[in-house]
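Chemist: This is the structure I have questions about; it appears just below.
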Amino acid sequence: MTKTCLWVLLVCMIVISCSSAKYEEDYTQYVNPFVGASEFGHCFPGACTPFGMIQAGPETGNCDWAYCSGYQYQDSTINGFSQTRLNGTGCTDLGDLLMLPFTGEIQQKQYKSIIDKKNELAFPGYYSVILNDFKIKAEMTATPHTAIYRYTYLNEKKPHLLIDFQSAMAGNTDQLHKHITEATVNFENTKTISGFTRTQVWVDRTYYYVIEFSKPFVSEIQLPKQNEEEKAPRYVFDFDLKQGEELLVKVSLSSKSIDGAKKNLQTEMSGWNFDEKREAAKGNWNNYLSRVQIEGTKEQKSIFYTSMYHLLIQPNNIADVNEPPFYSTLSLWDTYRAAHPLFTLLCPEHVDGFVNSMLQQYDQQGFLPIWALWGKETFCMIGNHAVPVIADAFLKGFRGFDSEKAFQAIKRSLTENHPNSDWNVYNEFGYYPFDRVSVESVSRTMESVYDDYCAAQFAKALNKEDDYLYFSKRSQFYKNLFDPQTKLMRGKDSNNNWRTPFKTFELSHAGSSGGDYTEGNAWQYTWHVQHDIPGLIKLMGGADYFTSKLDSLFEMSSTKEGRGFVMDVTGLIGQYAHGNEPSHHIAYLYALAGKPWKTQKLVNEICRTKYLDQINGLCGNDDCGQMSAWYIFSSLGFYPVNPCGGEYVLGAPQLKKGVIRLPKGKTFTVEAINYSPENIYVQSIKLNGKPYNRKVITHQNIINGGILRFYMGNQAKK
């Protein structure tokens with residue numbers, strides 16, 4: 001076959017890859033997995049399924065904060081393809097079992113290939129690229145626990161496949177060489193490899209795997225270690241392939257055992273039909289993406305459905321196919337705010353599983369998960385925000401878990417000391433004093449009072465009066481850090497003295513600089529009273545001063561006064577930081593303070609400027625879908641300022657129409673009458689044809705089904 005014919009074949013293959021099956025509507029066509037895969041978004045364009053364990057995709061870099069997902073779009077080379085990823089996080093881990101097909105001479109060095117961006121394709125459940133240096137087309141698709149690769153060797157040189165069992169996403173090169181503490185690689189035959197790896201990057205975890213080839217390897221060469229402390233090998237496998245032939249590779253993972261990985265492979269990937277699996281992945285994604293049907297421009301659909309795609313990548317079910325689901329990758333400091341409330345609307349069949357998974361981890365460690373990965377605790381971030389997720393589920397009527405056990409898990413997590421939760425100090429002073437708690441004292445207080453509120457509501461629903469009173473009292477501790485002079489939340493020591501000097505704009509980050517706040521400053525954390533906005537308004541002296549103070553937040557300079565690492569405080573409008581989660585509810589506070597037109601204007605500005613249909617279209621880390629959840633809610637016209645108990649504050653829709661498909665054939669429709677880029681202000685609202693004058697809409701209103709109509713205009717209605 002001539003080189004010209006080979007490249008014609010290649011073009012045809014790409015066209016076939018782009019074709020779609022016949023669906024009522026293919027919502028995957030609107031998803032761009034490359035959005036957020038540059039700069040601060042930390043997203044990746046690999047192949048995965050909703051809530052799946054595997055995320056097969058390219059690695060373009062490692063050992064740097066920019067590569068938390070292993071990928072940056074601007075890179076021109078690829079190191080290989082690994083099986084697991086973190087989506088939009090600010091920490092590194094996963095990136096297991098790196099593979100790279102190549103041709104030619106075997107080198108004793110790191111392998112990589114130049115790529116051309118025009119030959120890089122990604123759709124939900126599918127990724128493809130041409131490795132220019134080797135003239136190989138690499139394609140991959142996935143099921144929940146398995147991935148299948150199709151490598152087409154178009155080069156006449158000798159074909160190889162590198163499998164690097166040592167590699168993973170690491171924070172630095174030293175960690176890359178040392179992170180594996182134990183590894184076993186078993187050659188079962190010339191078509192099957194199995195084994196396990198114990199690794200310590202962010203958490204100490206063990207994964208088990210099975211790798212199968214469609215053709216037997218004819219030889220294998222173990223490469224030299226790159227560092228004497230490495231405990232896992234790198235192998236180069238040779239195959240008897242003619243120019244233009246394909247090699248298919250299947251990978252199956254388990255968190256339990258090699259037998260579990262084999263069972264997952266047998267159940268989900270028994271055959272070798274790559275195209276069939278790709279179409280199944282697309283169908284899986286369409287099942288979820290179609291749960292909200294919107295009317296809008298092509299750009300609006302792309303941003304909306306890409307947001308839904310990012311939302312649904314995690315939590316990840318790491319249980320085997322024959323077990324009840326166990327969900328991990330729980331970035332709860334982020335996702336309790338909007339992602340988990342959105343799951344109660346869009347994916348209610350998973351909510352009980354989320355809660356039961358949290359309770360299983362509680363059984364193992366004695367407190368509810370804080371930031372869970374692979375079923376282990378990372379102790380990342382602050383607060384105990386499994387509490388609002390569990391309480392919200394119960395208050396919304398979910399009953400697929402033991403409610404008494406859930407409450408006892410909450411009570412124990414909020415009363416027995418564990419890392420970042422020093423309850424004896426908190427109870428003694430009514431706040432965390434900065435001389436007793438050296439970092440994040442204000443933020444830890446503000447996050448804890450919200451968890452207390454959620455515990456109180458759960459206790460009330462269970463008729464536990466004493467617990468209700470106890471946690472309700474603690475939920476008011478935020479008032480102890482309100483400085484009446486500056487009208488800001490300010491650090492105090494154990495002698496009741498204010499932090500002096502008080503640098504209100506100074507950002508702090510516990511990991512690198514200490515300080516009283518968590519990835520933020522006093523201006524951003526003052527509004528973190530999600531459960532008691534009337535109480536905060538009263539502290540500030542009334543609604544007029546409250547909204548004037550809010551104006552200052554959005555109108556002042558966007559400059560940063562940093563202490564140490566503050567790269568993840570992004571998306572600034574004044575001192576409002578949309579790229580960081582503690583700010584996410586703030587634009588909606590105007591509506592609760594009686595000036596909804598200001599909420600409507602700001603929501604429109606944030607949607608227009610912080611979410612773009614381009615590679616760097618996210619203004620900060622997507623944080624396991626939280627950034628995306630904010631956009632989905634806000635586009636539909638409401639947002640859970642208090643994400644526990646089922647009330648959503650009304651804003652203004654950013655689409656002409658959105659239809660939420662609910663269980664039992666019900667739908668909830670949002671319509672923006674007279675919507676246009678200029679008509680951003682709500683003139684009136686009707687729910688099911690009747691005038692609606694409340695500031696909020698309830699979860700029950702939505703799941704009952706119906707029509708919510710916003711009548712829009714170009715002038716603020718004051």
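Each chain in the structure tokens gets a letter, A, B, ..., in the order shown, and its residues are numbered from 1; ligands are numbered from 1 in order too.
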Range 56-102 of chain A: which residues are strand (DSSP E or B) by DSSP, as a PyMOL selection string?
Modeler: chain A and resi 56-59+77-78+80-82+98-102
Chemist: Which value, in Å to one decimal, gives the distance between CA of Asn621 in chain A and CA of His42 in chain A?
Modeler: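 Computing it gives 5.8 Å between the two atoms.
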Chemist: Excluding same-chain residues fewer than 3 positions from Thr60 in chain A, what lies within 9 Å of it counting only C-alpha atoms, as a compact mmCIF listing (two decimals) with C-alpha atoms, in the first residue's frame?
Modeler:
# COMPACT_ATOMS: atom_id res chain seq x y z
CA TYR A 67 -1.20 19.04 34.81
CA GLY A 70 -2.45 15.40 32.74
CA TYR A 71 -3.38 17.57 29.77
CA GLN A 72 -2.96 21.11 28.45
CA TYR A 73 -4.40 21.84 25.01
CA ASP A 75 1.00 21.26 24.17
CA SER A 76 2.28 19.86 20.88
CA THR A 77 3.43 16.46 22.16
CA ILE A 78 1.81 13.45 23.81
CA ASN A 79 3.56 11.15 26.29
CA GLY A 80 0.96 8.41 25.98
CA LYS A 112 6.60 10.94 23.16
Chemist: Just the number, please: distance in Å from CA of Arg444 in chain A to CA of Gly383 in chain A, one decimal.
Modeler: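 So the answer is 6.3 Å.
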Chemist: Which residues are near range 181-186 of chain A? Cut-off 6 Å, only C-alpha atoms, ignore same chain within fewer than 5 positions. Put them as a list in words.
Modeler: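 Skipping anything fewer than 5 positions along the chain leaves Ile193, Ser194, Gly195, Phe196, Thr197, Arg198, Thr199 and Ala232 of chain A.
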Chemist: Mind checking which residues fall within 10 Å of Asp204 in chain A, counting only C-alpha atoms, ignoring those fewer than 5 positions away in the same chain, and posting them as an MDAnalysis selection string?
Modeler: chainID A and resid 179:181 198:199 373:378
Chemist: So that I can check the secondary structure, give me every residue of range 485-575 of chain A assigned alpha helix (DSSP H) by backbone DSSP, as a ChimeraX atom specification.
Modeler: /A:522-525,533-539,543-555
Chemist: With C-alpha atoms retained, export the selected residues as a tab-separated table (two decimals), in the first residue's frame.
Modeler:
chain	number	residue	atom	x	y	z
A	522	ALA	CA	-12.26	38.82	53.95
A	523	TRP	CA	-14.32	40.41	51.20
A	524	GLN	CA	-15.12	37.05	49.63
A	525	TYR	CA	-15.85	35.11	52.83
A	533	ILE	CA	-29.00	35.82	54.82
A	534	PRO	CA	-31.66	37.73	56.85
A	535	GLY	CA	-29.35	37.45	59.87
A	536	LEU	CA	-26.39	38.77	57.89
A	537	ILE	CA	-28.50	41.64	56.54
A	538	LYS	CA	-29.50	42.54	60.09
A	539	LEU	CA	-25.85	42.47	61.26
A	543	ALA	CA	-30.89	45.77	53.28
A	544	ASP	CA	-29.72	49.15	51.95
A	545	TYR	CA	-26.29	48.91	53.55
A	546	PHE	CA	-26.10	45.21	52.71
A	547	THR	CA	-26.63	45.83	48.99
A	548	SER	CA	-24.29	48.84	49.06
A	549	LYS	CA	-21.60	46.61	50.53
A	550	LEU	CA	-22.31	44.05	47.82
A	551	ASP	CA	-21.91	46.82	45.23
A	552	SER	CA	-18.46	47.53	46.64
A	553	LEU	CA	-17.48	43.88	46.30
A	554	PHE	CA	-18.27	43.85	42.59
A	555	GLU	CA	-17.07	47.37	41.77
Chemist: Quick one: of A:Phe434, A:Phe407, A:Tyr588, A:Tyr692, who's nearest to Tyr639 in chain A, counting only C-alpha atoms?
Modeler: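 Ranking A:Phe434, A:Phe407, A:Tyr588, A:Tyr692 by distance to Tyr639 in chain A, first place goes to A:Tyr588.
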Chemist: Excluding Asn714 in chain A and residues on its chain fewer than 6 positions from it, collect all residues at most 7 Å away from it, counting only C-alpha atoms, and give them as a PyMOL selection string.
Modeler: chain A and resi 678-681
Chemist: Using the selection just defined, write its residues with N, CA and C atoms as a short mmCIF file (atom, residue, chain, number, x, y, z; two decimals), in the first residue's frame.
Modeler:
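Below is the file that was written, again12.cif:
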data_model
loop_
_atom_site.label_atom_id
_atom_site.label_comp_id
_atom_site.auth_asym_id
_atom_site.auth_seq_id
_atom_site.Cartn_x
_atom_site.Cartn_y
_atom_site.Cartn_z
N GLU A 678 -30.46 41.68 24.83
CA GLU A 678 -30.73 42.95 25.50
C GLU A 678 -31.75 42.81 26.61
N ASN A 679 -32.66 41.89 26.45
CA ASN A 679 -33.75 41.72 27.42
C ASN A 679 -33.31 40.77 28.54
N ILE A 680 -32.54 41.29 29.45
CA ILE A 680 -31.95 40.46 30.51
C ILE A 680 -32.66 40.61 31.85
N TYR A 681 -33.64 41.52 31.92
CA TYR A 681 -34.31 41.80 33.19
C TYR A 681 -35.69 41.15 33.24
#
Chemist: Please measure the separation of CA of Asp238 in chain A and CA of Pro101 in chain A, giving the value in Å to one decimal.
Modeler: 10.0 Å
Chemist: With distances taken over only C-alpha atoms, which of A:Ser438, A:Phe458, A:Thr344, A:Asn119 is nearest to Val387 in chain A?
Modeler: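 The answer is A:Phe458, which sits nearest to Val387 in chain A.
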Chemist: Need the shell around range 658-673 of chain A: protein/DNA/RNA residues with any atom at most 7 Å away, counting only C-alpha atoms. Skip same-chain ones fewer than 2 positions apart. Format as a ChimeraX atom specification?
Modeler: /A:291-295,636,653,655-656,675,702-703,705-712
